[in-house]
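The structure appears below as structure tokens.
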Amino acid sequence: MEDLTNTNQSPIDPRSGFCKSNSVFYSKRKPIALPPNHFLDVTTYISSQTHQGKIALIDAATGRQLTFCDLCKAIHSVSSSLYEMGIRKGHVVLILSPNSIFFPVVCLAVMYLGAIVTTANPLNTPQEISKQITDTNTTLIFTTPHFLPKLNLASNNISIVLMSHGATFPPFPKNVSTLEEMMGRELNPTQIKDRVTQDDIAAILYSSGTTGLSKGVISTHKNLIALTDTAMDRFRTYDKDQIYIATIPMFHNYGLTSFCIGLLARGCTIVVLSKFDLNDMVSAIQKYNVTFLPLVPPIILSLVNNSEGIKKRYDLSSLRYVLTGGAPLSKEVMDEFVKKYPTETRRFGSSGLITPSTEAKIVEPQSGVALGIGQRGELWLRGPSVMKGYFRDEKATASTLDSERWLRTGDLCYIDEDGFLYVVDRLKELIKYKGYQVAPAELEALLMAHPHILDAAVIPFPDKKVGEYPMAYVVRETGTSLSEDAVIHFIAKQVAPYKKIRRVAFVTSIPRNPSGKILRKDLIKQATSNL
């Protein structure tokens, strides 16, 4: 069913969803009917989609399982324990942990009380963690024993709960307790939690900071409920018996909204890897008959490059679908993947149709003029899942959200005649060569098509004459002698003169964040350190 109406009753192109009178693209998907109850938290909403008895979460390493009944009981036991510890609405609880079947338990228990979840990358330094603790005024921390030394350096006066389950711990200070104890407690029927509304803050998730300082993204319960409905709508075309594997970190927005919220609401089973390891992942796919594999592009590349050994050792015949996002992926790599691992494919290169109940604009970045079908510009979005703003950063919020709640995504995109969205690159990452704009992702896709290049990244290199020119960091296939001149010539044959790569550095790996995005600021710093 298509949603092709707007409040102005202006004519909308049924094929693309574009309205010429206001230059807005409307979703062609069935609109989301958000719950009318204002006093509703995301945990209660997810619980209303109950799937009694079915397995919700499986620990890939130990095989331990939580059914949806177990999950519901654990959430309420932990929330009851948190209440007894003094956690109330508005308090901030930090989770510093790798993936775990208990990560969703903690998230949903905290949100149920109206407290706020904030997550930290386990790779963060003590100084970075300390800054986040201070910025958010964190009240309590959930972590694992491995990170206690890091937390002792970051903060030594905040209560800590250890998430490792079934482990024997040495004596700890009074401010340290265990999740196992909390999950084992009986519910206290006399507890009366604060009333939570859909407009209350549920999470503060810090951006990756690939091009600058990370910022806390505020998500309300309404935002997460809308994302839950979006996930359920998106995966409704697949039956509920799909078995997913969590390869993406749950501390990241993509992982948290998918594996701690959306897929659980859908009633799917999730196999959880504590950390990514290629052999562990394919072993778990075989052991648990995983059918659905959400990935980031670097893992796709690893599967392609190691396909011969993997197919000899593992049976991946259960795998039916692969979903990839978070970073550009060349058509050549995707074609090679499908050839080696036959799975269902959809329209290549597209991020799909616009999310239900969401409006989009494609805007010319310099002039602010809204563009039409097939034209490239910055993607602006407006809808119920759009963030509330940046935490304690009014300037950053005002530069990202306008007065009409349009979110400037910073993505260079276009929408085709069928309403499909295509992400070209990040505006901040465009290279300015003599006034021409060069998209790094376009050059990276061409580089990845070279038979002896395993991975690549393109950055702007400063130059007094032209402003910036493209420089490539390249990971060569082992045993090959690919030269800088060969790489430069390979690209020069395929692009306009202003897009040519003019410098190449060979490296053993490309630095990326957990969602697969290239850490360009690290490469730029490395490239310009001697200037």
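Starting from 1 in every chain, residues are counted up; chains themselves are A, B, ... following the order of the structure tokens, and ligands are numbered from 1 as listed.
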
With a distance cut-off of 8 Å and only C-alpha atoms, select the neighbouring residues of A:Thr228, excluding the residue or stretch itself and same-chain residues fewer than 4 positions from it, and output the selection as a PDB file with all heavy atoms, in the first residue's frame.
```
ATOM      1  N   ILE A  46       7.711  -2.365  23.225  1.00  0.00           N
ATOM      2  CA  ILE A  46       8.294  -3.610  22.697  1.00  0.00           C
ATOM      3  C   ILE A  46       7.650  -4.823  23.359  1.00  0.00           C
ATOM      4  O   ILE A  46       7.346  -5.817  22.705  1.00  0.00           O
ATOM      5  CB  ILE A  46       9.823  -3.611  22.904  1.00  0.00           C
ATOM      6  CG1 ILE A  46      10.476  -2.570  21.985  1.00  0.00           C
ATOM      7  CG2 ILE A  46      10.412  -4.992  22.630  1.00  0.00           C
ATOM      8  CD1 ILE A  46      11.948  -2.385  22.243  1.00  0.00           C
ATOM      9  N   LEU A 224      12.539   6.207  19.297  1.00  0.00           N
ATOM     10  CA  LEU A 224      12.858   4.777  19.298  1.00  0.00           C
ATOM     11  C   LEU A 224      11.638   3.922  18.974  1.00  0.00           C
ATOM     12  O   LEU A 224      11.754   2.868  18.344  1.00  0.00           O
ATOM     13  CB  LEU A 224      13.460   4.371  20.644  1.00  0.00           C
ATOM     14  CG  LEU A 224      14.811   5.022  20.987  1.00  0.00           C
ATOM     15  CD1 LEU A 224      15.342   4.482  22.310  1.00  0.00           C
ATOM     16  CD2 LEU A 224      15.829   4.795  19.876  1.00  0.00           C
ATOM     17  N   MET A 232      10.207  -3.106  12.134  1.00  0.00           N
ATOM     18  CA  MET A 232       9.198  -4.149  11.960  1.00  0.00           C
ATOM     19  C   MET A 232       8.599  -4.109  10.564  1.00  0.00           C
ATOM     20  O   MET A 232       8.333  -5.141   9.954  1.00  0.00           O
ATOM     21  CB  MET A 232       8.111  -4.005  13.028  1.00  0.00           C
ATOM     22  CG  MET A 232       8.569  -4.407  14.424  1.00  0.00           C
ATOM     23  SD  MET A 232       7.191  -4.664  15.583  1.00  0.00           S
ATOM     24  CE  MET A 232       6.561  -3.004  15.734  1.00  0.00           C
ATOM     25  N   THR A 257      19.710   0.018  17.833  1.00  0.00           N
ATOM     26  CA  THR A 257      18.332   0.086  17.342  1.00  0.00           C
ATOM     27  C   THR A 257      17.908  -1.192  16.628  1.00  0.00           C
ATOM     28  O   THR A 257      16.719  -1.531  16.614  1.00  0.00           O
ATOM     29  CB  THR A 257      18.142   1.293  16.407  1.00  0.00           C
ATOM     30  OG1 THR A 257      19.113   1.232  15.355  1.00  0.00           O
ATOM     31  CG2 THR A 257      18.317   2.598  17.166  1.00  0.00           C
ATOM     32  N   ILE A 261      16.368  -3.411  20.032  1.00  0.00           N
ATOM     33  CA  ILE A 261      15.015  -2.864  19.958  1.00  0.00           C
ATOM     34  C   ILE A 261      14.215  -3.470  18.794  1.00  0.00           C
ATOM     35  O   ILE A 261      13.305  -4.261  18.998  1.00  0.00           O
ATOM     36  CB  ILE A 261      15.069  -1.322  19.843  1.00  0.00           C
ATOM     37  CG1 ILE A 261      15.701  -0.720  21.107  1.00  0.00           C
ATOM     38  CG2 ILE A 261      13.680  -0.736  19.636  1.00  0.00           C
ATOM     39  CD1 ILE A 261      15.903   0.776  21.066  1.00  0.00           C
ATOM     40  N   GLY A 262      14.559  -3.095  17.558  1.00  0.00           N
ATOM     41  CA  GLY A 262      13.717  -3.412  16.410  1.00  0.00           C
ATOM     42  C   GLY A 262      13.465  -4.878  16.165  1.00  0.00           C
ATOM     43  O   GLY A 262      12.315  -5.322  16.028  1.00  0.00           O
ATOM     44  N   LEU A 263      14.534  -5.680  16.100  1.00  0.00           N
ATOM     45  CA  LEU A 263      14.368  -7.097  15.778  1.00  0.00           C
ATOM     46  C   LEU A 263      13.716  -7.863  16.919  1.00  0.00           C
ATOM     47  O   LEU A 263      13.008  -8.851  16.695  1.00  0.00           O
ATOM     48  CB  LEU A 263      15.719  -7.717  15.417  1.00  0.00           C
ATOM     49  CG  LEU A 263      16.318  -7.232  14.091  1.00  0.00           C
ATOM     50  CD1 LEU A 263      17.704  -7.817  13.882  1.00  0.00           C
ATOM     51  CD2 LEU A 263      15.407  -7.594  12.918  1.00  0.00           C
ATOM     52  N   ALA A 265      11.412  -6.569  18.877  1.00  0.00           N
ATOM     53  CA  ALA A 265       9.982  -6.260  18.744  1.00  0.00           C
ATOM     54  C   ALA A 265       9.343  -7.103  17.647  1.00  0.00           C
ATOM     55  O   ALA A 265       8.178  -7.493  17.747  1.00  0.00           O
ATOM     56  CB  ALA A 265       9.800  -4.773  18.438  1.00  0.00           C
TER      57      ALA A 265
END
```

*Skip A:Gly53 itself and residues of its chain fewer than 2 positions away, then list as a ChimeraX atom specification all residues within 6 Å of it, counting only C-alpha atoms.*
/A:67-69

*Using only C-alpha atoms, pick whichever of A:Asp315, A:Asp280, A:Asp455, A:Asp416 has the shortest atom-to-atom distance to A:Gly374.*
A:Asp416

_Can you tell me which residues surround A:Thr324 at a distance of at most 8 Å, considering only C-alpha atoms, apart from same-chain residues fewer than 6 positions away, and format the answer as a ChimeraX atom specification?_
/A:294-297

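The gap separating atom CA of A:Ile524 from atom CA of A:Pro365 is 23.7 Å, in Å to one decimal.
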
*asked:* Can you pull out the residues contacting A:Pro497? Cut-off 12 Å, using only C-alpha atoms, and skip same-chain residues under 6 positions away; I want them as a PyMOL selection string.
replied: chain A and resi 433-434+436+438+469-470+488-489+491

*List the neighbours of A:Gly383 out to 6 Å using only C-alpha atoms; skip same-chain residues closer than 2 positions along the sequence, and give me the result as a ChimeraX atom specification.*
/A:358,385-386

*asked:* Excluding A:Gln242 and its own-chain neighbours fewer than 4 positions away, which residues fall within 9 Å of it when counting only C-alpha atoms? Please give them as a list in words.
replied: Tyr238, Cys268, Thr269, Ile270, Val290, Thr291 and Phe292 of chain A

Go ahead and save the residues from that selection, with all heavy atoms, as a short mmCIF file (atom, residue, chain, number, x, y, z; two decimals), in the first residue's frame.
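Wrote part.cif, looks like this:
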```cif
data_model
loop_
_atom_site.label_atom_id
_atom_site.label_comp_id
_atom_site.auth_asym_id
_atom_site.auth_seq_id
_atom_site.Cartn_x
_atom_site.Cartn_y
_atom_site.Cartn_z
N TYR A 238 9.98 -10.46 5.45
CA TYR A 238 10.63 -11.73 5.77
C TYR A 238 9.85 -12.37 6.91
O TYR A 238 9.36 -11.69 7.82
CB TYR A 238 12.08 -11.50 6.21
CG TYR A 238 12.87 -10.63 5.28
CD1 TYR A 238 13.13 -9.30 5.59
CD2 TYR A 238 13.36 -11.11 4.08
CE1 TYR A 238 13.85 -8.49 4.73
CE2 TYR A 238 14.09 -10.31 3.21
CZ TYR A 238 14.32 -9.00 3.55
OH TYR A 238 15.04 -8.19 2.70
N CYS A 268 12.21 -11.78 16.35
CA CYS A 268 13.25 -12.56 15.69
C CYS A 268 14.24 -13.12 16.71
O CYS A 268 14.39 -12.61 17.81
CB CYS A 268 14.00 -11.69 14.69
SG CYS A 268 12.94 -10.97 13.42
N THR A 269 14.96 -14.15 16.31
CA THR A 269 16.03 -14.73 17.12
C THR A 269 17.35 -14.11 16.70
O THR A 269 17.66 -14.02 15.51
CB THR A 269 16.09 -16.25 16.94
OG1 THR A 269 14.85 -16.83 17.39
CG2 THR A 269 17.24 -16.86 17.75
N ILE A 270 18.16 -13.69 17.70
CA ILE A 270 19.43 -13.03 17.43
C ILE A 270 20.56 -13.82 18.06
O ILE A 270 20.57 -14.07 19.27
CB ILE A 270 19.43 -11.60 17.98
CG1 ILE A 270 18.27 -10.79 17.38
CG2 ILE A 270 20.77 -10.91 17.70
CD1 ILE A 270 18.02 -9.47 18.08
N VAL A 290 21.95 -19.71 10.89
CA VAL A 290 21.61 -18.30 10.68
C VAL A 290 21.12 -18.10 9.25
O VAL A 290 21.70 -18.63 8.29
CB VAL A 290 22.85 -17.41 10.95
CG1 VAL A 290 22.59 -15.97 10.53
CG2 VAL A 290 23.22 -17.48 12.44
N THR A 291 20.04 -17.32 9.12
CA THR A 291 19.45 -17.08 7.80
C THR A 291 19.66 -15.66 7.31
O THR A 291 19.59 -15.38 6.11
CB THR A 291 17.94 -17.37 7.82
OG1 THR A 291 17.30 -16.47 8.75
CG2 THR A 291 17.66 -18.81 8.22
N PHE A 292 19.90 -14.72 8.24
CA PHE A 292 19.95 -13.30 7.89
C PHE A 292 21.22 -12.69 8.46
O PHE A 292 21.46 -12.76 9.67
CB PHE A 292 18.74 -12.57 8.44
CG PHE A 292 18.30 -11.38 7.62
CD1 PHE A 292 17.05 -11.35 7.03
CD2 PHE A 292 19.15 -10.29 7.42
CE1 PHE A 292 16.64 -10.26 6.27
CE2 PHE A 292 18.75 -9.21 6.67
CZ PHE A 292 17.49 -9.19 6.09
#
```

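Take atom CA of A:Lys193 and atom CA of A:Pro36: the distance between them is 20.9 Å.
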
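Take the candidates A:Ser81, A:Ser155, A:Gln286, A:Thr138 and check each one against A:Glu186 using only C-alpha atoms; the shortest distance goes to A:Ser81.
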